[in-house]
$ cat coords_19.cif   # mmCIF, N, CA and C atoms
data_input
loop_
_atom_site.label_atom_id
_atom_site.label_comp_id
_atom_site.auth_asym_id
_atom_site.auth_seq_id
_atom_site.Cartn_x
_atom_site.Cartn_y
_atom_site.Cartn_z
N MET V 1 170.76 142.71 101.42
CA MET V 1 170.52 141.39 101.94
C MET V 1 169.17 140.87 101.48
N LEU V 2 168.18 141.70 101.29
CA LEU V 2 166.87 141.31 100.84
C LEU V 2 166.93 140.72 99.44
N GLN V 3 167.78 141.28 98.58
CA GLN V 3 167.90 140.76 97.23
C GLN V 3 168.47 139.35 97.21
N ASP V 4 169.34 139.03 98.18
CA ASP V 4 169.90 137.68 98.26
C ASP V 4 168.82 136.65 98.57
N GLU V 5 167.79 137.06 99.30
CA GLU V 5 166.74 136.14 99.70
C GLU V 5 165.68 135.96 98.62
N LEU V 6 165.61 136.88 97.65
CA LEU V 6 164.61 136.79 96.60
C LEU V 6 165.01 135.74 95.58
N VAL V 7 164.01 135.06 95.03
CA VAL V 7 164.26 134.04 94.01
C VAL V 7 164.29 134.72 92.66
N ASP V 8 165.27 134.36 91.87
CA ASP V 8 165.42 134.91 90.52
C ASP V 8 164.27 134.42 89.64
N ASN V 9 163.64 135.32 88.88
CA ASN V 9 162.53 134.95 88.00
C ASN V 9 162.92 133.90 86.98
N SER V 10 164.16 133.89 86.55
CA SER V 10 164.59 132.90 85.57
C SER V 10 164.57 131.50 86.18
N GLN V 11 164.81 131.41 87.49
CA GLN V 11 164.73 130.10 88.15
C GLN V 11 163.30 129.60 88.15
N ILE V 12 162.34 130.48 88.41
CA ILE V 12 160.93 130.09 88.41
C ILE V 12 160.50 129.68 87.01
N THR V 13 160.88 130.44 86.02
CA THR V 13 160.53 130.12 84.64
C THR V 13 161.13 128.79 84.23
N GLY V 14 162.38 128.55 84.59
CA GLY V 14 163.04 127.29 84.27
C GLY V 14 162.34 126.11 84.92
N THR V 15 161.91 126.28 86.15
CA THR V 15 161.19 125.22 86.85
C THR V 15 159.86 124.95 86.18
N ALA V 16 159.15 125.99 85.79
CA ALA V 16 157.86 125.82 85.11
C ALA V 16 158.03 125.08 83.80
N GLU V 17 159.10 125.39 83.07
CA GLU V 17 159.36 124.71 81.81
C GLU V 17 159.65 123.24 82.04
N LEU V 18 160.39 122.92 83.09
CA LEU V 18 160.67 121.52 83.41
C LEU V 18 159.39 120.77 83.74
N LEU V 19 158.50 121.42 84.47
CA LEU V 19 157.25 120.77 84.83
C LEU V 19 156.37 120.50 83.62
N GLN V 20 156.51 121.30 82.58
CA GLN V 20 155.71 121.11 81.39
C GLN V 20 156.40 120.20 80.38
N ASP V 21 157.62 119.80 80.66
CA ASP V 21 158.37 118.93 79.76
C ASP V 21 157.63 117.60 79.58
N GLU V 22 157.59 117.07 78.38
CA GLU V 22 156.87 115.85 78.09
C GLU V 22 157.54 114.61 78.67
N SER V 23 158.79 114.73 79.09
CA SER V 23 159.48 113.56 79.62
C SER V 23 159.00 113.20 81.03
N PHE V 24 158.25 114.09 81.66
CA PHE V 24 157.72 113.79 82.98
C PHE V 24 156.48 112.92 82.85
N ASP V 25 156.37 111.92 83.70
CA ASP V 25 155.19 111.05 83.71
C ASP V 25 154.17 111.64 84.67
N ASP V 26 153.17 112.28 84.13
CA ASP V 26 152.17 112.91 84.98
C ASP V 26 150.80 112.29 84.78
N SER V 27 150.78 111.03 84.36
CA SER V 27 149.49 110.37 84.17
C SER V 27 148.84 110.13 85.53
N PRO V 28 147.53 110.25 85.58
CA PRO V 28 146.84 110.11 86.87
C PRO V 28 146.87 108.68 87.39
N ILE V 29 146.80 108.56 88.67
CA ILE V 29 146.72 107.25 89.30
C ILE V 29 145.30 106.73 89.11
N ARG V 30 145.19 105.54 88.61
CA ARG V 30 143.87 105.02 88.25
C ARG V 30 143.14 104.37 89.41
N GLY V 31 143.79 104.08 90.49
CA GLY V 31 143.14 103.46 91.63
C GLY V 31 144.15 102.84 92.56
N THR V 32 143.69 102.39 93.65
CA THR V 32 144.57 101.75 94.63
C THR V 32 144.02 100.38 94.98
N ARG V 33 144.89 99.56 95.49
CA ARG V 33 144.50 98.22 95.93
C ARG V 33 145.01 98.00 97.34
N SER V 34 144.34 97.14 98.07
CA SER V 34 144.80 96.81 99.41
C SER V 34 145.98 95.84 99.29
N LEU V 35 146.79 95.78 100.33
CA LEU V 35 147.92 94.85 100.32
C LEU V 35 147.44 93.41 100.20
N ASP V 36 146.31 93.11 100.81
CA ASP V 36 145.75 91.76 100.72
C ASP V 36 145.48 91.38 99.27
N ASP V 37 144.90 92.30 98.50
CA ASP V 37 144.66 92.05 97.08
C ASP V 37 145.96 91.81 96.32
N ILE V 38 146.96 92.60 96.62
CA ILE V 38 148.25 92.48 95.94
C ILE V 38 148.90 91.14 96.27
N TYR V 39 148.85 90.74 97.56
CA TYR V 39 149.42 89.45 97.96
C TYR V 39 148.71 88.30 97.26
N GLN V 40 147.38 88.37 97.17
CA GLN V 40 146.63 87.30 96.52
C GLN V 40 146.97 87.21 95.04
N MET V 41 147.13 88.34 94.40
CA MET V 41 147.44 88.34 92.97
C MET V 41 148.86 87.87 92.69
N SER V 42 149.77 88.07 93.61
CA SER V 42 151.16 87.69 93.37
C SER V 42 151.50 86.32 93.96
N ASN V 43 150.52 85.65 94.49
CA ASN V 43 150.69 84.30 95.06
C ASN V 43 151.77 84.26 96.12
N VAL V 44 151.79 85.27 96.98
CA VAL V 44 152.75 85.30 98.06
C VAL V 44 152.23 84.44 99.20
N ALA V 45 153.04 83.53 99.66
CA ALA V 45 152.66 82.68 100.78
C ALA V 45 153.43 83.12 102.01
N ILE V 46 152.71 83.55 103.01
CA ILE V 46 153.33 83.95 104.27
C ILE V 46 153.12 82.80 105.25
N CYS V 47 154.21 82.17 105.61
CA CYS V 47 154.14 81.01 106.48
C CYS V 47 154.59 81.38 107.88
N GLU V 48 153.70 81.96 108.63
CA GLU V 48 153.96 82.31 110.02
C GLU V 48 152.96 81.58 110.88
N PRO V 49 153.38 81.21 112.07
CA PRO V 49 152.43 80.56 112.97
C PRO V 49 151.32 81.53 113.37
N GLU V 50 150.14 80.95 113.63
CA GLU V 50 149.00 81.78 114.01
C GLU V 50 149.07 82.24 115.46
N GLY V 51 149.84 81.57 116.26
CA GLY V 51 149.94 81.95 117.67
C GLY V 51 151.06 81.19 118.35
N TYR V 52 151.16 81.37 119.67
CA TYR V 52 152.23 80.75 120.45
C TYR V 52 152.16 79.23 120.39
N GLU V 53 150.95 78.68 120.48
CA GLU V 53 150.80 77.22 120.49
C GLU V 53 151.43 76.58 119.25
N GLU V 54 151.28 77.23 118.12
CA GLU V 54 151.88 76.71 116.88
C GLU V 54 153.38 77.03 116.82
N ALA V 55 153.78 78.21 117.28
CA ALA V 55 155.17 78.63 117.20
C ALA V 55 156.08 77.84 118.13
N LYS V 56 155.56 77.42 119.27
CA LYS V 56 156.42 76.74 120.26
C LYS V 56 156.93 75.39 119.78
N HIS V 57 156.36 74.85 118.72
CA HIS V 57 156.80 73.56 118.18
C HIS V 57 157.82 73.71 117.06
N ASN V 58 158.09 74.94 116.64
CA ASN V 58 159.02 75.20 115.54
C ASN V 58 160.35 75.69 116.11
N PRO V 59 161.46 74.95 115.88
CA PRO V 59 162.76 75.35 116.43
C PRO V 59 163.21 76.75 116.04
N GLU V 60 162.90 77.18 114.82
CA GLU V 60 163.30 78.52 114.38
C GLU V 60 162.56 79.58 115.19
N TRP V 61 161.29 79.35 115.45
CA TRP V 61 160.51 80.31 116.23
C TRP V 61 160.91 80.26 117.70
N GLN V 62 161.28 79.08 118.20
CA GLN V 62 161.77 78.98 119.58
C GLN V 62 163.02 79.84 119.75
N LYS V 63 163.92 79.75 118.78
CA LYS V 63 165.15 80.55 118.82
C LYS V 63 164.82 82.05 118.76
N ALA V 64 163.92 82.43 117.87
CA ALA V 64 163.53 83.84 117.75
C ALA V 64 162.90 84.36 119.04
N MET V 65 162.05 83.54 119.64
CA MET V 65 161.42 83.94 120.90
C MET V 65 162.45 84.09 122.02
N GLN V 66 163.41 83.17 122.06
CA GLN V 66 164.45 83.25 123.09
C GLN V 66 165.31 84.49 122.91
N GLU V 67 165.65 84.81 121.67
CA GLU V 67 166.42 86.03 121.40
C GLU V 67 165.65 87.27 121.83
N GLU V 68 164.35 87.28 121.57
CA GLU V 68 163.52 88.42 121.96
C GLU V 68 163.45 88.55 123.48
N ILE V 69 163.32 87.44 124.18
CA ILE V 69 163.29 87.47 125.65
C ILE V 69 164.62 87.99 126.19
N CYS V 70 165.73 87.55 125.61
CA CYS V 70 167.06 88.04 126.04
C CYS V 70 167.17 89.54 125.87
N MET V 71 166.70 90.07 124.74
CA MET V 71 166.78 91.51 124.52
C MET V 71 165.89 92.28 125.49
N ILE V 72 164.72 91.74 125.79
CA ILE V 72 163.81 92.38 126.76
C ILE V 72 164.47 92.43 128.12
N GLU V 73 165.09 91.33 128.53
CA GLU V 73 165.77 91.31 129.83
C GLU V 73 166.98 92.24 129.83
N LYS V 74 167.75 92.25 128.74
CA LYS V 74 168.92 93.10 128.65
C LYS V 74 168.54 94.58 128.75
N ASN V 75 167.42 94.96 128.11
CA ASN V 75 166.98 96.36 128.12
C ASN V 75 166.13 96.70 129.34
N CYS V 76 165.89 95.72 130.21
CA CYS V 76 165.06 95.92 131.41
C CYS V 76 163.70 96.52 131.06
N THR V 77 163.11 96.00 130.01
CA THR V 77 161.77 96.48 129.62
C THR V 77 160.71 95.47 129.92
#
$ encode --input "coords_19.cif" --output "structure tokens"
Amino acid sequence: MLQDELVDNSQITGTAELLQDESFDDSPIRGTRSLDDIYQMSNVAICEPEGYEEAKHNPEWQKAMQEEICMIEKNCT
């Protein structure tokens, strides 16, 4: 039973060869950016109200708020 649990050396060698294969992209990550930077560079416009006072005048947000209140009441939370 111990032999069944041991890994075959050929499996390890095969895995090592795959890791050294040139088809793998192992170039280092050059840096990271914040999501804010990415949004600014991609010209993404997020049109959400800043608060309740602004949202209460928008019919779509009124509907969303009412649906949320219904779910809160339904779940007794």
$ atom_distance --input "coords_19.cif" --atom1 "atom C of Cys76 in chain V" --atom2 "atom C of Lys63 in chain V"
19.0 Å
$ atom_distance --input "coords_19.cif" --atom1 "atom N of Trp61 in chain V" --atom2 "CA of Cys47 in chain V"
11.6 Å
$ atom_distance --input "coords_19.cif" --atom1 "CA of Pro49 in chain V" --atom2 "CA of Glu67 in chain V"
17.2 Å
